[in-house]
file coords_0.cif (mmCIF, C-alpha atoms, pLDDT in the B column; chains and numbers go by the auth columns)
data_work
#
loop_
_atom_site.group_PDB
_atom_site.id
_atom_site.type_symbol
_atom_site.label_atom_id
_atom_site.label_comp_id
_atom_site.label_asym_id
_atom_site.label_seq_id
_atom_site.Cartn_x
_atom_site.Cartn_y
_atom_site.Cartn_z
_atom_site.B_iso_or_equiv
_atom_site.auth_seq_id
_atom_site.auth_asym_id
ATOM 1 C CA MET A 1 -23.457 60.800 -9.486 29.00 167 G
ATOM 2 C CA ALA A 2 -22.363 64.366 -9.736 30.00 168 G
ATOM 3 C CA PHE A 3 -26.004 65.365 -9.359 28.00 169 G
ATOM 4 C CA LEU A 4 -26.030 64.028 -5.796 29.00 170 G
ATOM 5 C CA ALA A 5 -23.638 66.734 -4.654 29.00 171 G
ATOM 6 C CA ASN A 6 -26.222 69.321 -5.719 32.00 172 G
ATOM 7 C CA ARG A 7 -29.185 67.748 -3.927 35.00 173 G
ATOM 8 C CA SER A 8 -31.101 69.587 -1.251 34.00 174 G
ATOM 9 C CA ASN A 9 -29.500 67.466 1.502 37.00 175 G
ATOM 10 C CA ALA A 10 -26.056 68.898 0.790 38.00 176 G
ATOM 11 C CA GLY A 11 -26.009 70.094 4.407 40.00 177 G
ATOM 12 C CA LEU A 12 -25.345 66.527 5.540 43.00 178 G
ATOM 13 C CA GLY A 13 -21.632 66.967 4.930 48.00 179 G
ATOM 14 C CA PHE A 14 -19.398 64.622 2.962 53.00 180 G
ATOM 15 C CA ASP A 15 -21.275 62.410 0.479 54.00 181 G
ATOM 16 C CA PRO A 16 -19.073 59.348 -0.180 58.00 182 G
ATOM 17 C CA PHE A 17 -21.278 58.296 -3.115 58.00 183 G
ATOM 18 C CA ARG A 18 -20.906 61.502 -5.133 56.00 184 G
ATOM 19 C CA ASN A 19 -18.361 60.106 -7.615 55.00 185 G
ATOM 20 C CA PHE A 20 -19.547 56.522 -7.989 55.00 186 G
ATOM 21 C CA PHE A 21 -21.564 56.983 -11.185 50.00 187 G
ATOM 22 C CA PRO A 22 -19.923 59.641 -13.324 50.00 188 G
ATOM 23 C CA GLY A 23 -22.336 60.780 -16.006 50.00 189 G
ATOM 24 C CA LEU A 24 -25.376 59.212 -14.329 46.00 190 G
ATOM 25 C CA ALA A 25 -28.275 61.544 -14.894 44.00 191 G
ATOM 26 C CA PRO A 26 -30.959 62.150 -12.262 45.00 192 G
ATOM 27 C CA TRP A 27 -33.660 60.673 -14.504 38.00 193 G
ATOM 28 C CA HIS A 28 -32.250 57.196 -13.817 58.00 194 G
ATOM 29 C CA GLY A 29 -34.053 57.358 -10.483 69.00 195 G
ATOM 30 C CA LEU A 30 -31.177 56.344 -8.210 82.00 196 G
ATOM 31 C CA GLU A 31 -31.717 57.992 -4.844 90.00 197 G
ATOM 32 C CA ILE A 32 -29.227 57.887 -1.964 90.00 198 G
ATOM 33 C CA THR A 33 -30.258 59.243 1.411 92.00 199 G
ATOM 34 C CA LYS A 34 -28.048 59.576 4.474 91.00 200 G
ATOM 35 C CA THR A 35 -29.738 58.543 7.726 89.00 201 G
ATOM 36 C CA GLU A 36 -28.587 58.491 11.356 85.00 202 G
ATOM 37 C CA SER A 37 -27.717 54.790 11.052 87.00 203 G
ATOM 38 C CA GLY A 38 -26.212 54.751 7.543 89.00 204 G
ATOM 39 C CA TYR A 39 -27.544 55.174 4.010 92.00 205 G
ATOM 40 C CA THR A 40 -30.656 54.122 2.152 95.00 206 G
ATOM 41 C CA VAL A 41 -30.283 53.530 -1.587 94.00 207 G
ATOM 42 C CA GLU A 42 -33.392 53.281 -3.765 95.00 208 G
ATOM 43 C CA ILE A 43 -33.199 51.905 -7.294 94.00 209 G
ATOM 44 C CA PRO A 44 -36.278 51.523 -9.513 93.00 210 G
ATOM 45 C CA VAL A 45 -36.659 47.920 -10.677 93.00 211 G
ATOM 46 C CA ALA A 46 -40.178 48.000 -12.119 90.00 212 G
ATOM 47 C CA GLY A 47 -40.782 45.015 -14.377 90.00 213 G
ATOM 48 C CA PHE A 48 -38.171 42.853 -12.643 93.00 214 G
ATOM 49 C CA ARG A 49 -39.206 40.044 -10.313 94.00 215 G
ATOM 50 C CA PRO A 50 -37.161 39.671 -7.100 94.00 216 G
ATOM 51 C CA GLU A 51 -35.572 36.449 -8.393 95.00 217 G
ATOM 52 C CA GLN A 52 -34.305 38.392 -11.432 96.00 218 G
ATOM 53 C CA ILE A 53 -32.327 40.795 -9.232 96.00 219 G
ATOM 54 C CA ASP A 54 -28.890 40.000 -7.800 96.00 220 G
ATOM 55 C CA VAL A 55 -27.108 41.992 -5.117 96.00 221 G
ATOM 56 C CA THR A 56 -23.496 40.958 -4.443 96.00 222 G
ATOM 57 C CA LEU A 57 -20.663 42.353 -2.373 96.00 223 G
ATOM 58 C CA ASP A 58 -17.032 41.800 -3.336 95.00 224 G
ATOM 59 C CA GLN A 59 -14.167 43.782 -1.782 92.00 225 G
ATOM 60 C CA ASN A 60 -16.420 46.666 -0.697 91.00 226 G
ATOM 61 C CA VAL A 61 -18.056 46.936 -4.143 93.00 227 G
ATOM 62 C CA LEU A 62 -21.805 46.382 -3.992 93.00 228 G
ATOM 63 C CA THR A 63 -23.138 45.309 -7.394 94.00 229 G
ATOM 64 C CA ILE A 64 -26.838 45.347 -8.191 94.00 230 G
ATOM 65 C CA SER A 65 -27.937 43.692 -11.415 94.00 231 G
ATOM 66 C CA GLY A 66 -31.191 42.636 -12.961 94.00 232 G
ATOM 67 C CA LYS A 67 -31.889 40.525 -15.984 94.00 233 G
ATOM 68 C CA ALA A 68 -35.274 39.959 -17.605 92.00 234 G
ATOM 69 C CA GLU A 69 -36.151 38.602 -21.049 91.00 235 G
ATOM 70 C CA LYS A 70 -35.704 41.857 -22.966 90.00 236 G
ATOM 71 C CA ARG A 71 -33.676 44.084 -20.685 92.00 237 G
ATOM 72 C CA GLN A 72 -31.009 44.212 -18.040 92.00 238 G
ATOM 73 C CA PHE A 73 -29.195 46.665 -15.788 91.00 239 G
ATOM 74 C CA THR A 74 -26.116 46.801 -13.573 91.00 240 G
ATOM 75 C CA ARG A 75 -25.151 49.360 -10.936 90.00 241 G
ATOM 76 C CA SER A 76 -22.074 49.274 -8.701 90.00 242 G
ATOM 77 C CA LEU A 77 -21.397 51.181 -5.505 89.00 243 G
ATOM 78 C CA LEU A 78 -18.019 51.403 -3.830 91.00 244 G
ATOM 79 C CA LEU A 79 -18.925 51.320 -0.148 91.00 245 G
ATOM 80 C CA PRO A 80 -17.099 53.624 2.235 89.00 246 G
ATOM 81 C CA ASP A 81 -15.219 51.981 5.114 88.00 247 G
ATOM 82 C CA GLU A 82 -17.820 53.255 7.573 89.00 248 G
ATOM 83 C CA ILE A 83 -20.422 50.810 6.191 91.00 249 G
ATOM 84 C CA ASN A 84 -20.871 47.503 8.012 91.00 250 G
ATOM 85 C CA SER A 85 -20.811 44.963 5.170 90.00 251 G
ATOM 86 C CA GLU A 86 -22.308 42.313 7.474 91.00 252 G
ATOM 87 C CA SER A 87 -25.584 44.193 7.890 91.00 253 G
ATOM 88 C CA ILE A 88 -26.541 45.211 4.329 95.00 254 G
ATOM 89 C CA GLY A 89 -30.228 44.709 3.619 96.00 255 G
ATOM 90 C CA ALA A 90 -32.118 44.530 0.311 96.00 256 G
ATOM 91 C CA LYS A 91 -35.894 44.654 -0.161 96.00 257 G
ATOM 92 C CA VAL A 92 -38.109 44.954 -3.247 96.00 258 G
ATOM 93 C CA GLU A 93 -41.495 46.587 -2.865 95.00 259 G
ATOM 94 C CA ASP A 94 -43.757 48.209 -5.467 93.00 260 G
ATOM 95 C CA GLY A 95 -41.060 48.188 -8.164 92.00 261 G
ATOM 96 C CA MET A 96 -38.424 49.792 -5.950 94.00 262 G
ATOM 97 C CA LEU A 97 -35.306 48.062 -4.618 96.00 263 G
ATOM 98 C CA THR A 98 -34.311 49.540 -1.272 96.00 264 G
ATOM 99 C CA LEU A 99 -30.825 48.851 0.057 96.00 265 G
ATOM 100 C CA THR A 100 -30.046 49.563 3.696 96.00 266 G
ATOM 101 C CA LEU A 101 -26.377 50.278 4.351 94.00 267 G
ATOM 102 C CA ASN A 102 -25.711 50.589 8.084 92.00 268 G
ATOM 103 C CA PHE A 103 -22.690 52.186 9.692 90.00 269 G
ATOM 104 C CA HIS A 104 -20.403 50.057 11.843 88.00 270 G
ATOM 105 C CA PRO A 105 -21.682 50.112 15.420 81.00 271 G
ATOM 106 C CA LYS A 106 -19.807 52.582 17.519 75.00 272 G
ATOM 107 C CA ALA A 107 -17.460 51.009 20.004 55.00 273 G
ATOM 108 C CA GLN A 108 -19.060 50.925 23.410 54.00 274 G
ATOM 109 C CA PRO A 109 -16.940 51.051 26.533 62.00 275 G
ATOM 110 C CA LYS A 110 -16.790 47.721 28.290 73.00 276 G
ATOM 111 C CA LYS A 111 -16.571 47.495 32.066 82.00 277 G
ATOM 112 C CA ILE A 112 -13.963 44.975 33.147 87.00 278 G
ATOM 113 C CA ALA A 113 -14.425 43.322 36.500 89.00 279 G
ATOM 114 C CA VAL A 114 -11.413 43.391 38.796 90.00 280 G
ATOM 115 C CA GLU A 115 -10.859 40.034 40.436 88.00 281 G
ATOM 116 C CA TYR A 116 -9.234 39.653 43.806 85.00 282 G
ATOM 117 C CA SER A 117 -8.181 36.874 46.092 82.00 283 G
ATOM 118 C CA LYS A 118 -10.090 36.445 49.334 78.00 284 G
ATOM 119 C CA ASN A 119 -6.940 35.171 51.100 71.00 285 G
ATOM 120 C CA VAL A 120 -5.242 38.549 51.045 58.00 286 G
ATOM 121 C CA THR A 121 -3.766 39.491 54.449 61.00 287 G
ATOM 122 C CA GLN A 122 -3.775 43.021 55.596 56.00 288 G
#

call {"tool": "encode", "arguments": {"input": "coords_0.cif", "output": "structure tokens"}}
result
Amino acid sequence: MAFLANRSNAGLGFDPFRNFFPGLAPWHGLEITKTESGYTVEIPVAGFRPEQIDVTLDQNVLTISGKAEKRQFTRSLLLPDEINSESIGAKVEDGMLTLTLNFHPKAQPKKIAVEYSKNVTQ
């Protein structure tokens, strides 16, 4: 994925996916885009039916594989810690598999109610 470091969106800062696919050429069609809420990964899967595509997560490694009668593919992504593994989405539309990798929700401050006893003497 060395080509990702040279993409036009290099101004986004650190790209945690830049070393996941050494030697992967841009003509493979893998596209990773950073968004405000996480990353979107697009992988062309033309000719594969949705039931022929598997997406699995094991120890922060997301593996995408497809197997048809005459061909198959496998891609693996090591997810950065900032990705919420509980909210990964996968959708196939028009020959393109789109993975949605959301960041962990930012911790929100929680207001804690202070209880008191009404029998307090002054």

call {"tool": "closest_residue", "arguments": {"input": "coords_0.cif", "among": "G:Ile219, G:Leu267, G:Val258, G:Ile198", "to": "Arg237 (chain G)", "atoms": "only C-alpha atoms"}}
result
G:Ile219

call {"tool": "atom_distance", "arguments": {"input": "coords_0.cif", "atom1": "CA of Lys236 (chain G)", "atom2": "CA of Ile254 (chain G)"}}
result
29.0 Å

call {"tool": "atom_distance", "arguments": {"input": "coords_0.cif", "atom1": "CA of Asp260 (chain G)", "atom2": "CA of Ala212 (chain G)"}}
result
7.6 Å

call {"tool": "residues_around", "arguments": {"input": "coords_0.cif", "residues": "Phe239 (chain G)", "least_positions_apart": "2", "cutoff": "12 Å", "atoms": "all atoms listed in the file", "output": "count of residues only"}}
result
22

call {"tool": "atom_distance", "arguments": {"input": "coords_0.cif", "atom1": "CA of Ser203 (chain G)", "atom2": "CA of Asn268 (chain G)"}}
result
5.5 Å
